[in-house]
file structure_29.cif (mmCIF, C-alpha atoms)
data_my_file
#
loop_
_atom_site.group_PDB
_atom_site.id
_atom_site.type_symbol
_atom_site.label_atom_id
_atom_site.label_comp_id
_atom_site.auth_asym_id
_atom_site.auth_seq_id
_atom_site.Cartn_x
_atom_site.Cartn_y
_atom_site.Cartn_z
ATOM 1 C CA MET Z 994 -60.769 -60.059 -29.719
ATOM 2 C CA THR Z 995 -57.315 -61.647 -29.516
ATOM 3 C CA PRO Z 996 -54.955 -61.361 -32.506
ATOM 4 C CA ILE Z 997 -55.725 -63.867 -35.261
ATOM 5 C CA ASP Z 998 -53.129 -66.530 -36.046
ATOM 6 C CA LEU Z 999 -53.801 -67.623 -39.607
ATOM 7 C CA PRO Z 1000 -52.145 -70.786 -40.890
ATOM 8 C CA ASP Z 1001 -50.409 -70.433 -44.251
ATOM 9 C CA SER Z 1002 -52.532 -73.344 -45.473
ATOM 10 C CA VAL Z 1003 -55.593 -71.099 -45.816
ATOM 11 C CA LEU Z 1004 -53.819 -69.309 -48.671
ATOM 12 C CA PRO Z 1005 -53.788 -71.393 -51.874
ATOM 13 C CA VAL Z 1006 -51.594 -70.496 -54.828
ATOM 14 C CA PRO Z 1007 -53.418 -67.605 -56.513
ATOM 15 C CA THR Z 1008 -53.525 -67.320 -60.286
ATOM 16 C CA SER Z 1009 -54.899 -63.756 -60.337
ATOM 17 C CA ALA Z 1010 -55.191 -60.768 -58.020
ATOM 18 C CA SER Z 1011 -58.725 -61.804 -57.057
ATOM 19 C CA ASP Z 1012 -57.422 -65.173 -55.939
ATOM 20 C CA ILE Z 1013 -55.608 -63.448 -53.111
ATOM 21 C CA TRP Z 1014 -59.047 -62.800 -51.611
ATOM 22 C CA SER Z 1015 -60.650 -66.046 -52.788
ATOM 23 C CA GLY Z 1016 -58.153 -67.828 -50.561
ATOM 24 C CA ALA Z 1017 -58.824 -65.544 -47.599
ATOM 25 C CA LEU Z 1018 -60.353 -66.412 -44.270
ATOM 26 C CA ARG Z 1019 -63.911 -65.084 -43.968
ATOM 27 C CA MET Z 1020 -64.846 -63.635 -40.570
ATOM 28 C CA ASP Z 1021 -67.964 -62.051 -39.082
ATOM 29 C CA PHE Z 1022 -67.947 -59.258 -36.508
ATOM 30 C CA ALA Z 1023 -70.805 -57.890 -34.449
ATOM 31 C CA ASP Z 1024 -71.605 -54.200 -34.062
ATOM 32 C CA GLY Z 1025 -68.949 -52.667 -31.780
ATOM 33 C CA GLU Z 1026 -66.615 -55.683 -31.858
ATOM 34 C CA GLU Z 1027 -62.880 -55.045 -32.142
ATOM 35 C CA ILE Z 1028 -61.193 -56.397 -35.267
ATOM 36 C CA TYR Z 1029 -57.652 -55.543 -34.204
ATOM 37 C CA GLY Z 1030 -56.166 -53.412 -31.479
ATOM 38 C CA GLN Z 1031 -53.878 -50.417 -31.398
ATOM 39 C CA ASP Z 1032 -50.192 -51.505 -31.253
ATOM 40 C CA GLU Z 1033 -50.990 -55.106 -32.219
ATOM 41 C CA ALA Z 1034 -48.830 -56.805 -34.862
ATOM 42 C CA ALA Z 1035 -49.858 -55.764 -38.390
ATOM 43 C CA ASP Z 1036 -49.317 -58.943 -40.400
ATOM 44 C CA LEU Z 1037 -52.888 -59.217 -41.688
ATOM 45 C CA ILE Z 1038 -54.703 -57.412 -44.496
ATOM 46 C CA TYR Z 1039 -58.469 -56.950 -44.389
ATOM 47 C CA LEU Z 1040 -61.175 -56.433 -47.005
ATOM 48 C CA VAL Z 1041 -64.700 -55.268 -46.136
ATOM 49 C CA VAL Z 1042 -67.261 -57.527 -47.795
ATOM 50 C CA ARG Z 1043 -70.265 -56.166 -45.913
ATOM 51 C CA GLY Z 1044 -70.704 -53.500 -43.264
ATOM 52 C CA SER Z 1045 -68.750 -50.485 -42.020
ATOM 53 C CA ILE Z 1046 -65.496 -50.168 -40.080
ATOM 54 C CA ARG Z 1047 -64.066 -47.402 -37.889
ATOM 55 C CA THR Z 1048 -60.367 -47.001 -37.077
ATOM 56 C CA SER Z 1049 -59.358 -44.958 -34.034
ATOM 57 C CA HIS Z 1050 -56.305 -44.001 -32.003
ATOM 58 C CA LEU Z 1051 -56.497 -43.510 -28.247
ATOM 59 C CA LEU Z 1052 -54.230 -40.734 -26.994
ATOM 60 C CA ALA Z 1053 -52.383 -40.860 -23.680
ATOM 61 C CA ASP Z 1054 -54.805 -38.370 -22.104
ATOM 62 C CA GLY Z 1055 -57.826 -40.495 -23.033
ATOM 63 C CA ARG Z 1056 -58.924 -38.528 -26.062
ATOM 64 C CA ARG Z 1057 -59.806 -40.431 -29.224
ATOM 65 C CA GLN Z 1058 -58.954 -39.597 -32.822
ATOM 66 C CA ILE Z 1059 -60.892 -41.333 -35.572
ATOM 67 C CA GLY Z 1060 -58.551 -42.332 -38.385
ATOM 68 C CA ASP Z 1061 -61.061 -43.175 -41.095
ATOM 69 C CA PHE Z 1062 -64.170 -45.119 -42.034
ATOM 70 C CA TYR Z 1063 -64.163 -48.114 -44.362
ATOM 71 C CA TYR Z 1064 -67.030 -49.612 -46.305
ATOM 72 C CA GLU Z 1065 -67.794 -52.457 -48.699
ATOM 73 C CA GLY Z 1066 -64.880 -53.043 -51.071
ATOM 74 C CA ASP Z 1067 -62.319 -51.147 -48.979
ATOM 75 C CA VAL Z 1068 -58.992 -52.647 -47.942
ATOM 76 C CA PHE Z 1069 -57.785 -51.669 -44.479
ATOM 77 C CA GLY Z 1070 -55.219 -52.585 -41.855
ATOM 78 C CA VAL Z 1071 -52.212 -52.030 -44.153
ATOM 79 C CA GLU Z 1072 -49.339 -50.471 -42.196
ATOM 80 C CA THR Z 1073 -45.870 -49.246 -43.138
ATOM 81 C CA GLY Z 1074 -44.501 -50.503 -39.813
ATOM 82 C CA PRO Z 1075 -44.787 -53.734 -37.826
ATOM 83 C CA ALA Z 1076 -47.708 -52.620 -35.616
ATOM 84 C CA HIS Z 1077 -51.128 -51.012 -36.013
ATOM 85 C CA ARG Z 1078 -51.191 -47.327 -35.114
ATOM 86 C CA PHE Z 1079 -54.987 -47.444 -34.929
ATOM 87 C CA SER Z 1080 -57.461 -49.993 -33.659
ATOM 88 C CA ALA Z 1081 -60.353 -51.129 -35.864
ATOM 89 C CA GLU Z 1082 -63.914 -51.766 -34.732
ATOM 90 C CA ALA Z 1083 -67.081 -52.806 -36.525
ATOM 91 C CA LEU Z 1084 -69.639 -49.999 -36.764
ATOM 92 C CA THR Z 1085 -72.268 -52.459 -37.952
ATOM 93 C CA THR Z 1086 -72.506 -56.202 -38.371
ATOM 94 C CA CYS Z 1087 -69.590 -56.911 -40.691
ATOM 95 C CA GLU Z 1088 -68.236 -59.608 -42.950
ATOM 96 C CA ILE Z 1089 -64.482 -59.347 -43.482
ATOM 97 C CA LEU Z 1090 -61.928 -61.214 -45.588
ATOM 98 C CA VAL Z 1091 -58.500 -61.644 -44.012
ATOM 99 C CA VAL Z 1092 -55.199 -62.685 -45.573
ATOM 100 C CA LYS Z 1093 -51.826 -63.111 -43.966
ATOM 101 C CA ARG Z 1094 -49.468 -60.558 -45.445
ATOM 102 C CA SER Z 1095 -46.191 -62.408 -44.879
ATOM 103 C CA GLY Z 1096 -47.601 -65.833 -45.729
ATOM 104 C CA SER Z 1097 -49.235 -64.595 -48.924
ATOM 105 C CA VAL Z 1098 -46.012 -63.478 -50.557
ATOM 106 C CA ALA Z 1099 -44.797 -67.019 -51.102
ATOM 107 C CA PHE Z 1100 -48.062 -67.936 -52.797
ATOM 108 C CA ALA Z 1101 -48.458 -64.801 -54.913
ATOM 109 C CA PRO Z 1102 -45.077 -63.275 -55.745
ATOM 110 C CA GLY Z 1103 -45.550 -59.605 -56.510
ATOM 111 C CA ARG Z 1104 -49.339 -59.624 -56.174
ATOM 112 C CA VAL Z 1105 -49.519 -58.922 -52.466
ATOM 113 C CA GLU Z 1106 -46.867 -56.240 -52.801
ATOM 114 C CA LYS Z 1107 -48.995 -54.560 -55.481
ATOM 115 C CA LEU Z 1108 -52.056 -54.802 -53.247
ATOM 116 C CA VAL Z 1109 -50.155 -53.294 -50.329
ATOM 117 C CA TRP Z 1110 -48.731 -50.537 -52.526
ATOM 118 C CA ALA Z 1111 -52.156 -49.627 -53.939
ATOM 119 C CA ALA Z 1112 -53.735 -49.634 -50.472
ATOM 120 C CA THR Z 1113 -50.884 -47.537 -49.052
ATOM 121 C CA THR Z 1114 -51.179 -45.000 -51.875
ATOM 122 C CA LEU Z 1115 -54.909 -44.715 -51.300
ATOM 123 C CA GLU Z 1116 -54.384 -44.309 -47.551
ATOM 124 C CA LEU Z 1117 -51.864 -41.525 -48.172
ATOM 125 C CA GLY Z 1118 -54.336 -39.652 -50.351
ATOM 126 C CA ARG Z 1119 -57.079 -40.020 -47.757
ATOM 127 C CA ALA Z 1120 -54.742 -38.911 -44.974
ATOM 128 C CA GLN Z 1121 -53.705 -35.808 -46.925
ATOM 129 C CA ALA Z 1122 -57.326 -34.892 -47.639
ATOM 130 C CA HIS Z 1123 -58.177 -35.384 -43.964
ATOM 131 C CA MET Z 1124 -55.230 -33.221 -42.903
ATOM 132 C CA LEU Z 1125 -56.336 -30.385 -45.185
ATOM 133 C CA LEU Z 1126 -59.885 -30.703 -43.911
ATOM 134 C CA LEU Z 1127 -58.800 -30.423 -40.282
ATOM 135 C CA GLY Z 1128 -56.222 -27.722 -40.891
ATOM 136 C CA ARG Z 1129 -57.976 -25.307 -43.232
ATOM 137 C CA ALA Z 1130 -61.746 -25.781 -43.098
ATOM 138 C CA THR Z 1131 -64.279 -24.195 -40.778
ATOM 139 C CA ALA Z 1132 -66.637 -26.361 -38.743
ATOM 140 C CA CYS Z 1133 -69.467 -25.926 -41.242
ATOM 141 C CA GLU Z 1134 -67.167 -26.659 -44.188
ATOM 142 C CA ARG Z 1135 -65.954 -29.855 -42.515
ATOM 143 C CA VAL Z 1136 -69.466 -31.140 -41.909
ATOM 144 C CA ALA Z 1137 -70.629 -30.185 -45.411
ATOM 145 C CA ARG Z 1138 -67.624 -31.964 -46.957
ATOM 146 C CA PHE Z 1139 -68.263 -35.044 -44.835
ATOM 147 C CA LEU Z 1140 -71.911 -35.287 -45.897
ATOM 148 C CA LEU Z 1141 -70.975 -34.857 -49.558
ATOM 149 C CA ASP Z 1142 -68.363 -37.592 -49.289
ATOM 150 C CA MET Z 1143 -70.915 -39.927 -47.717
ATOM 151 C CA ALA Z 1144 -73.474 -39.135 -50.424
ATOM 152 C CA ASP Z 1145 -70.883 -39.790 -53.142
ATOM 153 C CA ARG Z 1146 -69.912 -43.097 -51.551
ATOM 154 C CA PHE Z 1147 -73.459 -44.356 -51.059
ATOM 155 C CA ARG Z 1148 -75.426 -43.466 -54.164
ATOM 156 C CA GLY Z 1149 -79.147 -43.101 -53.713
ATOM 157 C CA ASP Z 1150 -81.735 -40.649 -52.524
ATOM 158 C CA LEU Z 1151 -81.441 -41.535 -48.833
ATOM 159 C CA VAL Z 1152 -77.925 -41.868 -47.402
ATOM 160 C CA THR Z 1153 -77.236 -43.890 -44.261
ATOM 161 C CA LEU Z 1154 -74.696 -42.731 -41.678
ATOM 162 C CA PRO Z 1155 -73.362 -45.868 -39.943
ATOM 163 C CA MET Z 1156 -71.338 -43.792 -37.475
ATOM 164 C CA SER Z 1157 -72.546 -41.892 -34.415
ATOM 165 C CA ARG Z 1158 -72.426 -38.119 -33.935
ATOM 166 C CA GLN Z 1159 -69.490 -38.674 -31.566
ATOM 167 C CA ASP Z 1160 -67.655 -40.606 -34.278
ATOM 168 C CA MET Z 1161 -68.198 -37.713 -36.677
ATOM 169 C CA ALA Z 1162 -66.951 -35.257 -34.072
ATOM 170 C CA ASP Z 1163 -63.795 -37.265 -33.374
ATOM 171 C CA TYR Z 1164 -63.120 -37.631 -37.096
ATOM 172 C CA LEU Z 1165 -63.665 -33.963 -37.928
ATOM 173 C CA GLY Z 1166 -61.871 -32.589 -34.871
ATOM 174 C CA LEU Z 1167 -65.018 -30.964 -33.474
ATOM 175 C CA THR Z 1168 -67.204 -31.360 -30.407
ATOM 176 C CA ILE Z 1169 -70.442 -33.307 -30.588
ATOM 177 C CA GLU Z 1170 -72.296 -30.082 -29.761
ATOM 178 C CA THR Z 1171 -70.730 -28.383 -32.788
ATOM 179 C CA ILE Z 1172 -71.628 -31.338 -35.019
ATOM 180 C CA SER Z 1173 -75.258 -31.167 -33.897
ATOM 181 C CA ARG Z 1174 -75.346 -27.410 -34.384
ATOM 182 C CA MET Z 1175 -73.855 -27.575 -37.903
ATOM 183 C CA LEU Z 1176 -76.207 -30.365 -38.980
ATOM 184 C CA GLY Z 1177 -79.135 -28.354 -37.656
ATOM 185 C CA ARG Z 1178 -77.937 -25.301 -39.550
ATOM 186 C CA LEU Z 1179 -77.562 -27.194 -42.828
ATOM 187 C CA GLN Z 1180 -81.055 -28.615 -42.449
ATOM 188 C CA ALA Z 1181 -82.564 -25.262 -41.475
ATOM 189 C CA ASP Z 1182 -80.980 -23.708 -44.574
ATOM 190 C CA GLY Z 1183 -82.578 -26.396 -46.734
ATOM 191 C CA LEU Z 1184 -79.299 -27.900 -47.961
ATOM 192 C CA VAL Z 1185 -79.916 -31.310 -46.438
ATOM 193 C CA GLU Z 1186 -82.852 -33.125 -44.901
ATOM 194 C CA PHE Z 1187 -82.431 -35.608 -42.054
ATOM 195 C CA VAL Z 1188 -84.779 -38.538 -41.590
ATOM 196 C CA GLY Z 1189 -84.000 -39.550 -38.026
ATOM 197 C CA CYS Z 1190 -80.400 -39.387 -36.771
ATOM 198 C CA ARG Z 1191 -78.786 -41.787 -39.207
ATOM 199 C CA HIS Z 1192 -80.343 -40.990 -42.600
ATOM 200 C CA PHE Z 1193 -80.229 -37.878 -44.755
ATOM 201 C CA ARG Z 1194 -80.717 -36.681 -48.306
ATOM 202 C CA ILE Z 1195 -79.086 -33.747 -50.047
ATOM 203 C CA ARG Z 1196 -81.585 -31.127 -51.177
ATOM 204 C CA ARG Z 1197 -79.307 -28.469 -52.716
ATOM 205 C CA ARG Z 1198 -76.082 -30.146 -53.775
ATOM 206 C CA THR Z 1199 -74.559 -27.151 -55.580
ATOM 207 C CA ASP Z 1200 -75.012 -24.918 -52.552
ATOM 208 C CA LEU Z 1201 -73.698 -27.606 -50.211
ATOM 209 C CA ALA Z 1202 -70.618 -28.088 -52.423
ATOM 210 C CA ARG Z 1203 -70.053 -24.328 -52.462
ATOM 211 C CA LEU Z 1204 -70.248 -24.241 -48.683
ATOM 212 C CA ALA Z 1205 -67.749 -27.121 -48.492
ATOM 213 C CA SER Z 1206 -65.340 -25.022 -50.625
ATOM 214 C CA ILE Z 1207 -65.076 -27.684 -53.338
#
call {"tool": "encode", "arguments": {"input": "structure_29.cif", "output": "structure tokens"}}
result
Amino acid sequence: MTPIDLPDSVLPVPTSASDIWSGALRMDFADGEEIYGQDEAADLIYLVVRGSIRTSHLLADGRRQIGDFYYEGDVFGVETGPAHRFSAEALTTCEILVVKRSGSVAFAPGRVEKLVWAATTLELGRAQAHMLLLGRATACERVARFLLDMADRFRGDLVTLPMSRQDMADYLGLTIETISRMLGRLQADGLVEFVGCRHFRIRRRTDLARLASI
């Protein structure tokens, strides 16, 4: 998809923080569709209304690093520089709200800056947690931590994984074979139960948390 050129007129004068999004452009994306590309100008801010998003960075040698996953209610696409370091793609059918970062400031003095600051702070915390996960955890600990995070995010008995095994591997810094082996081990040990490839439930949360070194 080509970069979006949003007219300032789609952004009315907001009277509260929520009005920043009430004046946003609503867009739909199909499964696998690109929302923005790596190195494209980063003048837009995005909010997930429905669906799941994956950000990724393609290295010069063709390898891919998954940056993070975003779900309903998450803000993404906020950068400290002028361009996106990661691309963003829809993992599922998605509904996204989009506001123009530079154009919004005139309509909401201080509010967009606060939104950007909050989103940047959250991104920093997620990046630090991801760095510790990749740098200090074993393969089994990484997978256990990932499943716990997903279960905490999506409350309910049966948790849906919108990402593929390859996505998990690229996010956790493992091979897809290792991901499959660790998931099989966790299920064989009775810590989790998979219903197909994309759904699971936690059977022994305390033991899974202990394995994840929480």
call {"tool": "resolve_selection", "arguments": {"input": "structure_29.cif", "expression": "the PyMOL selection byres ((chain Z and resi 1030) around 10)", "output": "list in words"}}
result
Met994, Thr995, Pro996, Glu1027, Ile1028, Tyr1029, Gln1031, Asp1032, Glu1033, Ala1034, Ala1035, Thr1048, Ser1049, His1050, Ala1076, His1077, Arg1078, Phe1079, Ser1080, Ala1081 and Glu1082 of chain Z
call {"tool": "resolve_selection", "arguments": {"input": "structure_29.cif", "expression": "the PyMOL selection byres ((chain Z and resi 1171) around 12)", "output": "VMD selection string"}}
result
chain Z and resid 1131 to 1133 1135 to 1136 1158 to 1159 1161 to 1163 1165 to 1170 1172 to 1178
call {"tool": "resolve_selection", "arguments": {"input": "structure_29.cif", "expression": "the PyMOL selection byres ((chain Z and resi 1068) around 6)", "output": "ChimeraX atom specification"}}
result
/Z:1039-1040,1067,1069
call {"tool": "closest_residue", "arguments": {"input": "structure_29.cif", "among": "Z:Ile1013, Z:Leu1127, Z:Gly1044, Z:Phe1062", "to": "Z:Asp1142", "atoms": "only C-alpha atoms"}}
result
Z:Phe1062
call {"tool": "atom_distance", "arguments": {"input": "structure_29.cif", "atom1": "atom CA of Z:His1192", "atom2": "atom CA of Z:Pro1155"}}
result
8.9 Å
call {"tool": "atom_distance", "arguments": {"input": "structure_29.cif", "atom1": "atom CA of Z:Leu1141", "atom2": "atom CA of Z:Arg1203"}}
result
11.0 Å
call {"tool": "residues_around", "arguments": {"input": "structure_29.cif", "residues": "Z:Phe1147", "least_positions_apart": "3", "cutoff": "12 Å", "atoms": "only C-alpha atoms", "output": "list in words"}}
result
Ser1045, Tyr1064, Glu1065, Leu1140, Leu1141, Asp1142, Met1143, Ala1144, Asp1150, Leu1151, Val1152, Thr1153, Leu1154, Pro1155, His1192, Phe1193 and Arg1194 of chain Z
call {"tool": "atom_distance", "arguments": {"input": "structure_29.cif", "atom1": "atom CA of Z:Gln1121", "atom2": "atom CA of Z:Gly1060"}}
result
11.8 Å
call {"tool": "closest_residue", "arguments": {"input": "structure_29.cif", "among": "Z:Ile1195, Z:Val1091, Z:Asp1200, Z:Ala1205", "to": "Z:Glu1134", "atoms": "only C-alpha atoms"}}
result
Z:Ala1205
call {"tool": "build_atoms", "arguments": {"input": "structure_29.cif", "residues": "stretch 1131-1142 of chain Z", "atoms": "all heavy atoms", "output": "PDB file, keeping the file's coordinate frame"}}
result
ATOM      1  N   THR Z1131     -63.471 -24.561 -41.934  1.00  0.00           N
ATOM      2  CA  THR Z1131     -64.279 -24.195 -40.778  1.00  0.00           C
ATOM      3  C   THR Z1131     -65.132 -25.382 -40.370  1.00  0.00           C
ATOM      4  O   THR Z1131     -65.215 -26.389 -41.086  1.00  0.00           O
ATOM      5  CB  THR Z1131     -65.191 -23.007 -41.113  1.00  0.00           C
ATOM      6  OG1 THR Z1131     -66.158 -23.436 -42.099  1.00  0.00           O
ATOM      7  CG2 THR Z1131     -64.391 -21.829 -41.671  1.00  0.00           C
ATOM      8  N   ALA Z1132     -65.794 -25.271 -39.232  1.00  0.00           N
ATOM      9  CA  ALA Z1132     -66.637 -26.361 -38.743  1.00  0.00           C
ATOM     10  C   ALA Z1132     -67.735 -26.699 -39.752  1.00  0.00           C
ATOM     11  O   ALA Z1132     -67.977 -27.879 -40.049  1.00  0.00           O
ATOM     12  CB  ALA Z1132     -67.244 -25.986 -37.395  1.00  0.00           C
ATOM     13  N   CYS Z1133     -68.380 -25.675 -40.295  1.00  0.00           N
ATOM     14  CA  CYS Z1133     -69.467 -25.926 -41.242  1.00  0.00           C
ATOM     15  C   CYS Z1133     -68.939 -26.543 -42.531  1.00  0.00           C
ATOM     16  O   CYS Z1133     -69.576 -27.429 -43.107  1.00  0.00           O
ATOM     17  CB  CYS Z1133     -70.207 -24.619 -41.529  1.00  0.00           C
ATOM     18  SG  CYS Z1133     -71.862 -24.862 -42.224  1.00  0.00           S
ATOM     19  N   GLU Z1134     -67.775 -26.090 -42.992  1.00  0.00           N
ATOM     20  CA  GLU Z1134     -67.167 -26.659 -44.188  1.00  0.00           C
ATOM     21  C   GLU Z1134     -66.815 -28.134 -43.981  1.00  0.00           C
ATOM     22  O   GLU Z1134     -67.003 -28.958 -44.880  1.00  0.00           O
ATOM     23  CB  GLU Z1134     -65.911 -25.868 -44.562  1.00  0.00           C
ATOM     24  CG  GLU Z1134     -66.196 -24.482 -45.116  1.00  0.00           C
ATOM     25  CD  GLU Z1134     -64.951 -23.622 -45.224  1.00  0.00           C
ATOM     26  OE1 GLU Z1134     -63.897 -24.015 -44.652  1.00  0.00           O
ATOM     27  OE2 GLU Z1134     -65.019 -22.569 -45.874  1.00  0.00           O
ATOM     28  N   ARG Z1135     -66.312 -28.467 -42.803  1.00  0.00           N
ATOM     29  CA  ARG Z1135     -65.954 -29.855 -42.515  1.00  0.00           C
ATOM     30  C   ARG Z1135     -67.177 -30.767 -42.572  1.00  0.00           C
ATOM     31  O   ARG Z1135     -67.147 -31.842 -43.164  1.00  0.00           O
ATOM     32  CB  ARG Z1135     -65.304 -29.963 -41.137  1.00  0.00           C
ATOM     33  CG  ARG Z1135     -63.990 -29.244 -41.001  1.00  0.00           C
ATOM     34  CD  ARG Z1135     -63.413 -29.439 -39.599  1.00  0.00           C
ATOM     35  NE  ARG Z1135     -62.438 -28.406 -39.284  1.00  0.00           N
ATOM     36  CZ  ARG Z1135     -61.716 -28.366 -38.171  1.00  0.00           C
ATOM     37  NH1 ARG Z1135     -61.870 -29.320 -37.256  1.00  0.00           N
ATOM     38  NH2 ARG Z1135     -60.854 -27.390 -37.964  1.00  0.00           N
ATOM     39  N   VAL Z1136     -68.250 -30.324 -41.947  1.00  0.00           N
ATOM     40  CA  VAL Z1136     -69.466 -31.140 -41.909  1.00  0.00           C
ATOM     41  C   VAL Z1136     -70.076 -31.262 -43.307  1.00  0.00           C
ATOM     42  O   VAL Z1136     -70.506 -32.347 -43.719  1.00  0.00           O
ATOM     43  CB  VAL Z1136     -70.479 -30.556 -40.913  1.00  0.00           C
ATOM     44  CG1 VAL Z1136     -71.795 -31.315 -40.978  1.00  0.00           C
ATOM     45  CG2 VAL Z1136     -69.910 -30.595 -39.490  1.00  0.00           C
ATOM     46  N   ALA Z1137     -70.088 -30.160 -44.051  1.00  0.00           N
ATOM     47  CA  ALA Z1137     -70.629 -30.185 -45.411  1.00  0.00           C
ATOM     48  C   ALA Z1137     -69.820 -31.128 -46.290  1.00  0.00           C
ATOM     49  O   ALA Z1137     -70.380 -31.922 -47.062  1.00  0.00           O
ATOM     50  CB  ALA Z1137     -70.627 -28.773 -46.006  1.00  0.00           C
ATOM     51  N   ARG Z1138     -68.497 -31.081 -46.177  1.00  0.00           N
ATOM     52  CA  ARG Z1138     -67.624 -31.964 -46.957  1.00  0.00           C
ATOM     53  C   ARG Z1138     -67.860 -33.428 -46.590  1.00  0.00           C
ATOM     54  O   ARG Z1138     -67.905 -34.304 -47.456  1.00  0.00           O
ATOM     55  CB  ARG Z1138     -66.177 -31.575 -46.687  1.00  0.00           C
ATOM     56  CG  ARG Z1138     -65.106 -32.479 -47.277  1.00  0.00           C
ATOM     57  CD  ARG Z1138     -65.010 -32.333 -48.770  1.00  0.00           C
ATOM     58  NE  ARG Z1138     -65.817 -33.307 -49.486  1.00  0.00           N
ATOM     59  CZ  ARG Z1138     -65.870 -33.420 -50.790  1.00  0.00           C
ATOM     60  NH1 ARG Z1138     -65.178 -32.582 -51.542  1.00  0.00           N
ATOM     61  NH2 ARG Z1138     -66.609 -34.333 -51.363  1.00  0.00           N
ATOM     62  N   PHE Z1139     -68.037 -33.683 -45.305  1.00  0.00           N
ATOM     63  CA  PHE Z1139     -68.263 -35.044 -44.835  1.00  0.00           C
ATOM     64  C   PHE Z1139     -69.560 -35.604 -45.407  1.00  0.00           C
ATOM     65  O   PHE Z1139     -69.605 -36.744 -45.889  1.00  0.00           O
ATOM     66  CB  PHE Z1139     -68.306 -35.061 -43.309  1.00  0.00           C
ATOM     67  CG  PHE Z1139     -68.455 -36.431 -42.718  1.00  0.00           C
ATOM     68  CD1 PHE Z1139     -67.349 -37.258 -42.550  1.00  0.00           C
ATOM     69  CD2 PHE Z1139     -69.700 -36.914 -42.325  1.00  0.00           C
ATOM     70  CE1 PHE Z1139     -67.480 -38.536 -42.022  1.00  0.00           C
ATOM     71  CE2 PHE Z1139     -69.839 -38.172 -41.790  1.00  0.00           C
ATOM     72  CZ  PHE Z1139     -68.720 -38.991 -41.632  1.00  0.00           C
ATOM     73  N   LEU Z1140     -70.617 -34.817 -45.379  1.00  0.00           N
ATOM     74  CA  LEU Z1140     -71.911 -35.287 -45.897  1.00  0.00           C
ATOM     75  C   LEU Z1140     -71.846 -35.523 -47.404  1.00  0.00           C
ATOM     76  O   LEU Z1140     -72.422 -36.497 -47.913  1.00  0.00           O
ATOM     77  CB  LEU Z1140     -73.004 -34.275 -45.567  1.00  0.00           C
ATOM     78  CG  LEU Z1140     -73.320 -34.077 -44.079  1.00  0.00           C
ATOM     79  CD1 LEU Z1140     -74.435 -33.054 -43.909  1.00  0.00           C
ATOM     80  CD2 LEU Z1140     -73.709 -35.403 -43.417  1.00  0.00           C
ATOM     81  N   LEU Z1141     -71.131 -34.663 -48.119  1.00  0.00           N
ATOM     82  CA  LEU Z1141     -70.975 -34.857 -49.558  1.00  0.00           C
ATOM     83  C   LEU Z1141     -70.195 -36.136 -49.860  1.00  0.00           C
ATOM     84  O   LEU Z1141     -70.540 -36.882 -50.777  1.00  0.00           O
ATOM     85  CB  LEU Z1141     -70.276 -33.648 -50.180  1.00  0.00           C
ATOM     86  CG  LEU Z1141     -71.145 -32.407 -50.407  1.00  0.00           C
ATOM     87  CD1 LEU Z1141     -70.264 -31.213 -50.751  1.00  0.00           C
ATOM     88  CD2 LEU Z1141     -72.168 -32.645 -51.504  1.00  0.00           C
ATOM     89  N   ASP Z1142     -69.143 -36.371 -49.095  1.00  0.00           N
ATOM     90  CA  ASP Z1142     -68.363 -37.592 -49.289  1.00  0.00           C
ATOM     91  C   ASP Z1142     -69.216 -38.837 -49.051  1.00  0.00           C
ATOM     92  O   ASP Z1142     -69.109 -39.824 -49.784  1.00  0.00           O
ATOM     93  CB  ASP Z1142     -67.155 -37.598 -48.343  1.00  0.00           C
ATOM     94  CG  ASP Z1142     -66.073 -36.635 -48.773  1.00  0.00           C
ATOM     95  OD1 ASP Z1142     -66.110 -36.178 -49.940  1.00  0.00           O
ATOM     96  OD2 ASP Z1142     -65.185 -36.321 -47.948  1.00  0.00           O
TER      97      ASP Z1142
END
